[in-house]
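A.B. asks: The structure is given below, and queries will be raised subsequently.
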Amino acid sequence: MAALQKIRNKGALLMIVVGLALFAFIAEEFFRSIETTSNDSKMQVGEVLGEDLSAQEFQAMVDEAAEIAKLQRGVNSLTDDEMTQIKDQVWNDFVSYKLIEDEAHKAGLTVTDAEVQDVLRKGTNPMLLQTPFVNQQTGRFDVKGLQDFLKQYEELRTGGRQVPAEYVEQYTMLYHLWQYTEKNLRKQLLSSKFQSLMANSFVSNPIAAKMAFNDRNQESELALVAVPYTSVTDKEVTVTDDDLKAKYNEKKEMFRQDIESRDVKYIDVTVTASEKDRNDLTAKMNETYARLQTAENPASVVNTSKSVVPYADVPLSVNAFPSDIRVQLDSMSAGSTKAPYYYAGDNTMNIIKVLDKTQAPDSILYRMIQVTGKSLDEAHTRADSIYKALEGGARFADIAKIYGQTSDSTWMTSRQYEGTVIDVDGAKYLKALNTTAVNGLANVALTQGNLIIQVLDRKAMTTKYNVAVIKCPVQFSTSTYQSALNKLNVFLGKNKTLADIEKNAAREGYTVLEQKNLTSTEHSIGRVGGVKDAMKWVFDEAEVGDLSQLYECGSDNDHLLVVAVTGVHEKGYRPWNDAEVKDYLKQLVINDKKAELIMNRAKAVKNLAQAKAQKGAVEENLADVTFNNPPFISASGAVEPAISGRAAAMKKGQFSGAIKGNGGVYFFQLNGQKATNEKYDQAAEESNQAQMNLRIMANQLSGDLVREGKVIDHRYRF
């Protein structure tokens with residue numbers, strides 16, 4: 001009871017303590033929630049229609065597209081530029097489809113399985129023609145070939161079909177390719193439905209069609225007098241802020257930007273090889289040249305030389321080699337070696353040794369049987385037996401069936417393997433194909449087993465070369481790079497503001513460059529690539545006037561970059577007093593006031609002779625002027641639609657009066673009109689008008705959908 005009484009006496013204090021503890025607990029969870037949300041947002045690549053796209057999801061999409069690209073191009077890797085293009089394409093496709101999918105859903109548009117099957121049966125969709133399931137005789141997509149493949153893949157997946165390990169990998173790659181194609185085919189069909197709906201919403205009519213035909217085919221001849229705005233000095237007109245604001249309100253839509261941007265100034269130092277670096281490489285190439293001339297194994301010399309062109313012991317056409325190598329091959333005989341030479345086109349030192357020249361087919365029709373075993377010896381023994389059986393008259397198809405393989409033939413062209421990295425097994429395989437006669441057999445021993453190959457046909461015999469190429473870029477050394485880095489660091493240490501940098505840069509051999517309106521969707525600053533960290537600083541951290549750290553960047557890590565932010569342009573309408581906007585408005589207002597001044601002086605002008613007497617007047621004759629083809633006026637340096645419009649409404653012999661244009665004030669007399677020989681086709685003209693209106697709408701709709709979809713792009717952070 002005593003304890004209970006104490007609790008009652010301290011009730012108020014306990015309520016406060018409990019309340020504070022409860023608040024602390026809630027606050028902790030609240031801040032943890034904020035931190036989690038913040039971390040999640042940092043991992044978002046972008047957002048469309050309120051739907052986030054995480055970095056992991058985006059990377060998976062990029063990886064999938066990259067693998068498909070490599071499979072379709074027959075290469076093992078992609079360049080940095082190719083990967084950048086794929087990332088952009090994946091993002092653009094994601095955004096475009098999400099926006100169209102939303103609009104299609106509102107309109108009740110869907111793609112059914114029956115519609116997909118119908119497209120497969122027709123077999124003419126361009127997307128389907130990029131798959132391996134194309135009938136080479138008809139040039140159409142082979143739906144039965146696809147169905148057979150999917151059945152075989154299912155048997156393989158469930159263990160009902162036994163094939164060599166290499167086949168499993170090929171089947172899996174083809175299956176992924178088909179999944180990717182089918183997914184994108186459905187997207188394409190939905191997009192096409194939406195576009196068709198839009199297209200059918202735009203129609204023309206006989207009156208508009210006839211007007212459009214006349215606008216294109218009624219040609220006018222004009223005797224023109226131009227009074228360019230440049231004939232009036234800027235001092236003769238006065239521009240006020242009120243003038244600029246009025247013009248801004250008139251042209252405001254021109255100044256809307258849908259993505260924020262930055263103005264930056266920067267120093268970019270490109271590190272290049274020093275004279276010592278060049279001399280060192282020349283000495284190394286001379287040593288390599290001597291070794292290559294006597295080497296029994298050219299591959300080892302090429303590999304140790306760090307050549308960017310790997311050696312393949314395979315006859316290759318000239319198309320397989322870099323352009324500077326190609327032009328040398330015809331004049332070189334087998335066994336000859338070209339001494340080191342410099343090629344400025346790719347900044348490399350080069351050595352060429354032609355090991356052999358031969359006539360070989362560009363296209364080969366063949367079939368094969370893959371032979372494996374519990375051990376390599378077993379595979380070799382089994383392959384020898386198969387080879388002897390075939391030589392003894394056994395049917396290729398029958399033996400292939402015994403080993404669970406088809407005897408289907410396929411064409412191999414030089415283009416399919418030239419330009420790829422060819423390993424030792426690949427070289428043996430290709431060498432056998434190139435050297436085996438028609439109907440001949442080859443037993444090729446590989447590291448994982450054997451291939452029994454039968455060549456069925458050979459076409460397009462051409463000269464092929466077995467060539468060892470040593471191509472070494474002229475690169476800067478570590479000491480050269482470090483010297484450039486130290487020099488720039490010392491300069492930045494003494495000049496800590498943009499003003500100081502601009503004042504002293506030239507004295508130290510640096511140039512301060514400027515880029516206006518840099519957006520986060522760009523992949524470079526100026527011409528410098530590989531600037532991810534710099535872009536993150538520019539858009540996430542920097543304020544106007546800030547100077548960045550020194551960034552080591554460039555696609556080849558050969559650039560040193562320091563950046564200063566000089567302006568920030570938020571998403572939306574740029575203000576009238578923005579420097580770029582103001583300059584543009586000022587020129588428009590100046591032209592307006594000059595036009596007013598010129599036209600006031602010309603109030604009494606009633607004919608061409610009086611127009612010629614105006615101050616600054618220049619004469620010019622124009623022919624073939626149509627409403628759709630505005631003339632370019634040499635005197636003012638401007639294209640003038642106003643002249644086309646006035647001429648189309650006049651009759652022969654009439655005088656135009658004063659016309660305000662883009663580059664001056666104009667007067668002209670219509671001396672003649674004629675029609676072209678084109679015949680009027682009302683149906684075709686109406687169709688053209690509808691298509692033109694659709695294109696205009698599509699451009700506007702694309703921008704509107706992006707704005708309404710509240711698209712956010714944070715890819716630069718990743």
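All residue names refer to the structure tokens as shown: chains lettered A, B, ... in order, residues numbered from 1 in each chain, ligands numbered from 1 in order.
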I need the residues in range 529-571 of chain A that are alpha helix (DSSP H) according to DSSP; give them as an NGL selection string.
C.D. replies: :A and (532-536)
A.B. asks: Which of these, A:Leu53, A:Met198, A:Ile364, A:Val711, has the shortest distance to Glu103 in chain A once you count only C-alpha atoms?
C.D. replies: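 Among the listed residues, A:Met198 lies closest to Glu103 in chain A.
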A.B. asks: Give me, as a PDB file with C-alpha atoms, in the first residue's frame, all polymer residues having an atom no more than 12 Å from Asp592 in chain A, counting only C-alpha atoms and skipping those fewer than 5 positions away in the same chain.
C.D. replies:
ATOM      1  CA  TYR A 229      17.138  46.447 -89.962  1.00  0.00           C
ATOM      2  CA  VAL A 232      19.173  51.576 -88.875  1.00  0.00           C
ATOM      3  CA  ASP A 234      20.813  50.682 -82.577  1.00  0.00           C
ATOM      4  CA  VAL A 237      15.895  53.229 -80.995  1.00  0.00           C
ATOM      5  CA  THR A 238      15.360  52.999 -77.230  1.00  0.00           C
ATOM      6  CA  VAL A 239      14.547  49.779 -75.378  1.00  0.00           C
ATOM      7  CA  ASP A 243       9.289  46.826 -73.672  1.00  0.00           C
ATOM      8  CA  LEU A 244      11.163  43.675 -72.729  1.00  0.00           C
ATOM      9  CA  LYS A 247       7.678  41.057 -75.486  1.00  0.00           C
ATOM     10  CA  LEU A 585      14.123  39.772 -76.170  1.00  0.00           C
ATOM     11  CA  LYS A 586      16.247  42.874 -76.670  1.00  0.00           C
ATOM     12  CA  GLN A 587      17.010  41.930 -80.276  1.00  0.00           C
ATOM     13  CA  LEU A 597      10.756  53.582 -87.666  1.00  0.00           C
ATOM     14  CA  ILE A 598      11.268  52.372 -91.246  1.00  0.00           C
ATOM     15  CA  MET A 599       7.516  51.992 -91.856  1.00  0.00           C
ATOM     16  CA  LYS A 660       7.462  43.789 -91.606  1.00  0.00           C
ATOM     17  CA  GLY A 661       9.741  40.726 -91.746  1.00  0.00           C
ATOM     18  CA  ASN A 662      12.348  38.911 -89.677  1.00  0.00           C
ATOM     19  CA  GLY A 663      15.330  40.820 -91.059  1.00  0.00           C
ATOM     20  CA  GLY A 664      13.859  44.020 -92.447  1.00  0.00           C
ATOM     21  CA  VAL A 665      10.934  45.824 -94.002  1.00  0.00           C
TER      22      VAL A 665
END
A.B. asks: Please indicate the distance in Å from CA of Tyr97 in chain A to CA of Glu67 in chain A, rounded to one decimal place.
C.D. replies: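 According to the coordinates, CA of Tyr97 in chain A and CA of Glu67 in chain A are separated by 21.0 Å.
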A.B. asks: Can you work out which one of A:Ala273, A:Ala595, A:Ile259, A:Val444 has the shortest atom-to-atom distance to Ile369 in chain A, counting only C-alpha atoms?
C.D. replies: A:Val444
A.B. asks: Leaving out range 684-701 of chain A and any residue of its chain fewer than 5 positions from it, which residues lie within 8 Å of it when counting only C-alpha atoms, given as a list of chain:residue names?
C.D. replies: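 Residues near the query, excluding close chain neighbours: A:Met198, A:Ala199, A:Phe202, A:Val203, A:Ser204, A:Asn205, A:Pro206, A:Ala208, A:Ala209, A:Lys210, A:Ala212, A:Phe213.
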A.B. asks: Output all heavy atoms for every residue in that selection, as an mmCIF file, in the first residue's frame.
C.D. replies:
data_model
loop_
_atom_site.group_PDB
_atom_site.id
_atom_site.type_symbol
_atom_site.label_atom_id
_atom_site.label_comp_id
_atom_site.auth_asym_id
_atom_site.auth_seq_id
_atom_site.Cartn_x
_atom_site.Cartn_y
_atom_site.Cartn_z
ATOM 1 N N MET A 198 -4.685 7.851 -82.660
ATOM 2 C CA MET A 198 -4.382 9.256 -82.881
ATOM 3 C C MET A 198 -4.484 9.611 -84.367
ATOM 4 O O MET A 198 -5.034 10.653 -84.732
ATOM 5 C CB MET A 198 -2.976 9.583 -82.371
ATOM 6 C CG MET A 198 -2.794 9.485 -80.862
ATOM 7 S SD MET A 198 -3.777 10.693 -79.940
ATOM 8 C CE MET A 198 -5.145 9.667 -79.386
ATOM 9 N N ALA A 199 -3.934 8.724 -85.218
ATOM 10 C CA ALA A 199 -3.915 9.000 -86.659
ATOM 11 C C ALA A 199 -5.332 9.127 -87.208
ATOM 12 O O ALA A 199 -5.619 10.000 -88.040
ATOM 13 C CB ALA A 199 -3.164 7.897 -87.393
ATOM 14 N N PHE A 202 -7.295 12.467 -87.023
ATOM 15 C CA PHE A 202 -6.931 13.609 -87.855
ATOM 16 C C PHE A 202 -7.348 13.353 -89.297
ATOM 17 O O PHE A 202 -6.877 12.416 -89.932
ATOM 18 C CB PHE A 202 -5.419 13.858 -87.790
ATOM 19 C CG PHE A 202 -4.977 14.429 -86.473
ATOM 20 C CD1 PHE A 202 -4.699 13.590 -85.407
ATOM 21 C CD2 PHE A 202 -4.865 15.794 -86.293
ATOM 22 C CE1 PHE A 202 -4.310 14.102 -84.197
ATOM 23 C CE2 PHE A 202 -4.478 16.312 -85.080
ATOM 24 C CZ PHE A 202 -4.199 15.477 -84.023
ATOM 25 N N VAL A 203 -8.239 14.176 -89.780
ATOM 26 C CA VAL A 203 -8.702 14.067 -91.163
ATOM 27 C C VAL A 203 -8.591 15.434 -91.824
ATOM 28 O O VAL A 203 -8.511 16.469 -91.153
ATOM 29 C CB VAL A 203 -10.160 13.573 -91.232
ATOM 30 C CG1 VAL A 203 -10.274 12.157 -90.697
ATOM 31 C CG2 VAL A 203 -11.087 14.510 -90.464
ATOM 32 N N SER A 204 -8.553 15.425 -93.146
ATOM 33 C CA SER A 204 -8.532 16.674 -93.898
ATOM 34 C C SER A 204 -9.888 16.851 -94.573
ATOM 35 O O SER A 204 -10.832 16.111 -94.290
ATOM 36 C CB SER A 204 -7.391 16.639 -94.922
ATOM 37 O OG SER A 204 -7.302 17.877 -95.599
ATOM 38 N N ASN A 205 -9.999 17.820 -95.475
ATOM 39 C CA ASN A 205 -11.234 18.046 -96.216
ATOM 40 C C ASN A 205 -10.870 18.623 -97.576
ATOM 41 O O ASN A 205 -9.745 19.099 -97.784
ATOM 42 C CB ASN A 205 -12.175 18.983 -95.448
ATOM 43 C CG ASN A 205 -11.520 20.315 -95.165
ATOM 44 O OD1 ASN A 205 -11.349 21.136 -96.056
ATOM 45 N ND2 ASN A 205 -11.144 20.532 -93.899
ATOM 46 N N PRO A 206 -11.785 18.592 -98.540
ATOM 47 C CA PRO A 206 -11.466 19.047 -99.905
ATOM 48 C C PRO A 206 -10.958 20.486 -99.971
ATOM 49 O O PRO A 206 -10.062 20.789 -100.760
ATOM 50 C CB PRO A 206 -12.796 18.884 -100.641
ATOM 51 C CG PRO A 206 -13.510 17.813 -99.896
ATOM 52 C CD PRO A 206 -13.142 18.007 -98.456
ATOM 53 N N ALA A 208 -9.358 22.322 -97.569
ATOM 54 C CA ALA A 208 -8.003 22.412 -97.030
ATOM 55 C C ALA A 208 -7.005 21.737 -97.960
ATOM 56 O O ALA A 208 -5.873 22.219 -98.133
ATOM 57 C CB ALA A 208 -7.950 21.772 -95.643
ATOM 58 N N ALA A 209 -7.410 20.617 -98.564
ATOM 59 C CA ALA A 209 -6.519 19.902 -99.478
ATOM 60 C C ALA A 209 -6.185 20.750 -100.690
ATOM 61 O O ALA A 209 -5.027 20.817 -101.125
ATOM 62 C CB ALA A 209 -7.168 18.586 -99.912
ATOM 63 N N LYS A 210 -7.206 21.420 -101.270
ATOM 64 C CA LYS A 210 -6.974 22.274 -102.444
ATOM 65 C C LYS A 210 -6.096 23.467 -102.084
ATOM 66 O O LYS A 210 -5.186 23.836 -102.850
ATOM 67 C CB LYS A 210 -8.319 22.754 -103.005
ATOM 68 C CG LYS A 210 -8.195 23.540 -104.311
ATOM 69 C CD LYS A 210 -7.643 22.670 -105.419
ATOM 70 C CE LYS A 210 -7.642 23.410 -106.756
ATOM 71 N NZ LYS A 210 -7.028 22.597 -107.837
ATOM 72 N N ALA A 212 -3.817 23.574 -99.701
ATOM 73 C CA ALA A 212 -2.455 23.078 -99.498
ATOM 74 C C ALA A 212 -1.769 22.825 -100.833
ATOM 75 O O ALA A 212 -0.575 23.106 -100.995
ATOM 76 C CB ALA A 212 -2.494 21.794 -98.674
ATOM 77 N N PHE A 213 -2.523 22.296 -101.817
ATOM 78 C CA PHE A 213 -1.954 22.052 -103.143
ATOM 79 C C PHE A 213 -1.536 23.365 -103.792
ATOM 80 O O PHE A 213 -0.431 23.478 -104.342
ATOM 81 C CB PHE A 213 -2.985 21.326 -104.010
ATOM 82 C CG PHE A 213 -2.521 21.068 -105.412
ATOM 83 C CD1 PHE A 213 -1.705 19.985 -105.690
ATOM 84 C CD2 PHE A 213 -2.896 21.910 -106.454
ATOM 85 C CE1 PHE A 213 -1.259 19.747 -106.991
ATOM 86 C CE2 PHE A 213 -2.457 21.682 -107.752
ATOM 87 C CZ PHE A 213 -1.636 20.588 -108.022
#
A.B. asks: According to DSSP computed on the backbone, where in range 38-148 of chain A is there strand (DSSP E or B)? Give the residues as an NGL selection string.
C.D. replies: :A and (44-48 or 51-54 or 134 or 141)
A.B. asks: Could those residues be written to a file, using all heavy atoms, as an mmCIF file, in the first residue's frame?
C.D. replies:
data_model
loop_
_atom_site.group_PDB
_atom_site.id
_atom_site.type_symbol
_atom_site.label_atom_id
_atom_site.label_comp_id
_atom_site.auth_asym_id
_atom_site.auth_seq_id
_atom_site.Cartn_x
_atom_site.Cartn_y
_atom_site.Cartn_z
ATOM 1 N N GLN A 44 16.829 5.748 -56.449
ATOM 2 C CA GLN A 44 15.883 5.799 -57.547
ATOM 3 C C GLN A 44 16.540 6.425 -58.769
ATOM 4 O O GLN A 44 17.063 7.533 -58.705
ATOM 5 C CB GLN A 44 14.625 6.597 -57.170
ATOM 6 C CG GLN A 44 13.875 6.081 -55.959
ATOM 7 C CD GLN A 44 13.520 4.615 -56.066
ATOM 8 O OE1 GLN A 44 13.152 4.137 -57.135
ATOM 9 N NE2 GLN A 44 13.624 3.897 -54.953
ATOM 10 N N VAL A 45 16.505 5.709 -59.875
ATOM 11 C CA VAL A 45 17.044 6.242 -61.128
ATOM 12 C C VAL A 45 16.124 7.320 -61.680
ATOM 13 O O VAL A 45 16.580 8.293 -62.275
ATOM 14 C CB VAL A 45 17.221 5.099 -62.148
ATOM 15 C CG1 VAL A 45 17.460 5.646 -63.546
ATOM 16 C CG2 VAL A 45 18.382 4.215 -61.729
ATOM 17 N N GLY A 46 14.825 7.135 -61.495
ATOM 18 C CA GLY A 46 13.877 8.109 -62.015
ATOM 19 C C GLY A 46 12.462 7.779 -61.614
ATOM 20 O O GLY A 46 12.212 6.840 -60.840
ATOM 21 N N GLU A 47 11.545 8.549 -62.170
ATOM 22 C CA GLU A 47 10.134 8.388 -61.814
ATOM 23 C C GLU A 47 9.279 8.796 -63.003
ATOM 24 O O GLU A 47 9.563 9.790 -63.687
ATOM 25 C CB GLU A 47 9.814 9.254 -60.594
ATOM 26 C CG GLU A 47 8.387 9.154 -60.100
ATOM 27 C CD GLU A 47 8.139 10.063 -58.906
ATOM 28 O OE1 GLU A 47 9.021 10.121 -58.013
ATOM 29 O OE2 GLU A 47 7.085 10.719 -58.882
ATOM 30 N N VAL A 48 8.216 8.018 -63.258
ATOM 31 C CA VAL A 48 7.252 8.318 -64.310
ATOM 32 C C VAL A 48 5.859 8.065 -63.763
ATOM 33 O O VAL A 48 5.592 6.973 -63.242
ATOM 34 C CB VAL A 48 7.488 7.447 -65.569
ATOM 35 C CG1 VAL A 48 6.476 7.811 -66.658
ATOM 36 C CG2 VAL A 48 8.904 7.611 -66.088
ATOM 37 N N GLU A 51 5.534 6.518 -60.451
ATOM 38 C CA GLU A 51 6.104 5.182 -60.250
ATOM 39 C C GLU A 51 7.623 5.265 -60.282
ATOM 40 O O GLU A 51 8.209 5.730 -61.263
ATOM 41 C CB GLU A 51 5.610 4.229 -61.336
ATOM 42 C CG GLU A 51 6.175 2.818 -61.208
ATOM 43 C CD GLU A 51 5.689 1.899 -62.310
ATOM 44 O OE1 GLU A 51 4.629 2.185 -62.906
ATOM 45 O OE2 GLU A 51 6.380 0.899 -62.591
ATOM 46 N N ASP A 52 8.262 4.808 -59.213
ATOM 47 C CA ASP A 52 9.724 4.858 -59.124
ATOM 48 C C ASP A 52 10.355 3.735 -59.938
ATOM 49 O O ASP A 52 9.809 2.640 -60.055
ATOM 50 C CB ASP A 52 10.184 4.714 -57.670
ATOM 51 C CG ASP A 52 9.825 5.938 -56.838
ATOM 52 O OD1 ASP A 52 9.718 7.027 -57.428
ATOM 53 O OD2 ASP A 52 9.638 5.789 -55.613
ATOM 54 N N LEU A 53 11.537 4.037 -60.467
ATOM 55 C CA LEU A 53 12.365 3.019 -61.099
ATOM 56 C C LEU A 53 13.665 2.959 -60.310
ATOM 57 O O LEU A 53 14.440 3.921 -60.299
ATOM 58 C CB LEU A 53 12.650 3.370 -62.562
ATOM 59 C CG LEU A 53 13.573 2.398 -63.313
ATOM 60 C CD1 LEU A 53 12.906 1.031 -63.450
ATOM 61 C CD2 LEU A 53 13.944 2.940 -64.684
ATOM 62 N N SER A 54 13.889 1.858 -59.622
ATOM 63 C CA SER A 54 15.077 1.736 -58.777
ATOM 64 C C SER A 54 16.319 1.484 -59.623
ATOM 65 O O SER A 54 16.239 1.062 -60.774
ATOM 66 C CB SER A 54 14.908 0.599 -57.765
ATOM 67 O OG SER A 54 14.978 -0.659 -58.422
ATOM 68 N N VAL A 134 13.935 -17.221 -88.662
ATOM 69 C CA VAL A 134 13.531 -16.705 -89.975
ATOM 70 C C VAL A 134 13.820 -17.769 -91.021
ATOM 71 O O VAL A 134 14.912 -18.337 -91.065
ATOM 72 C CB VAL A 134 14.278 -15.400 -90.321
ATOM 73 C CG1 VAL A 134 13.922 -14.936 -91.732
ATOM 74 C CG2 VAL A 134 13.949 -14.313 -89.305
ATOM 75 N N PHE A 141 9.298 -14.693 -90.931
ATOM 76 C CA PHE A 141 9.399 -15.329 -89.621
ATOM 77 C C PHE A 141 8.739 -16.704 -89.680
ATOM 78 O O PHE A 141 7.633 -16.858 -90.203
ATOM 79 C CB PHE A 141 8.721 -14.453 -88.573
ATOM 80 C CG PHE A 141 8.729 -15.033 -87.191
ATOM 81 C CD1 PHE A 141 9.868 -14.990 -86.406
ATOM 82 C CD2 PHE A 141 7.590 -15.630 -86.665
ATOM 83 C CE1 PHE A 141 9.872 -15.524 -85.122
ATOM 84 C CE2 PHE A 141 7.576 -16.161 -85.392
ATOM 85 C CZ PHE A 141 8.730 -16.103 -84.619
#
A.B. asks: One decimal, in Å: what's the spacing between CA of Tyr311 in chain A and CA of Pro298 in chain A?
C.D. replies: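 CA of Tyr311 in chain A sits 7.9 Å away from CA of Pro298 in chain A.
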A.B. asks: Find the distance between CA of Val474 in chain A and CA of Thr511 in chain A and write it in Å to one decimal.
C.D. replies: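 Result for CA of Val474 in chain A versus CA of Thr511 in chain A: 24.6 Å, one decimal.
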A.B. asks: Give me the residues within 9 Å of Thr372 in chain A as a ChimeraX atom specification, counting only C-alpha atoms and dropping any in the same chain fewer than 4 places off.
C.D. replies: /A:164,376,378-380,382-383,448-451
A.B. asks: Skip range 180-193 of chain A itself and residues of its chain fewer than 2 positions away, then list as a list in words all residues within 7 Å of it, counting only C-alpha atoms.
C.D. replies: Ile100, Thr110, Val111, His176, Leu177, Trp178, Gln195, Ser196 and Leu197 of chain A
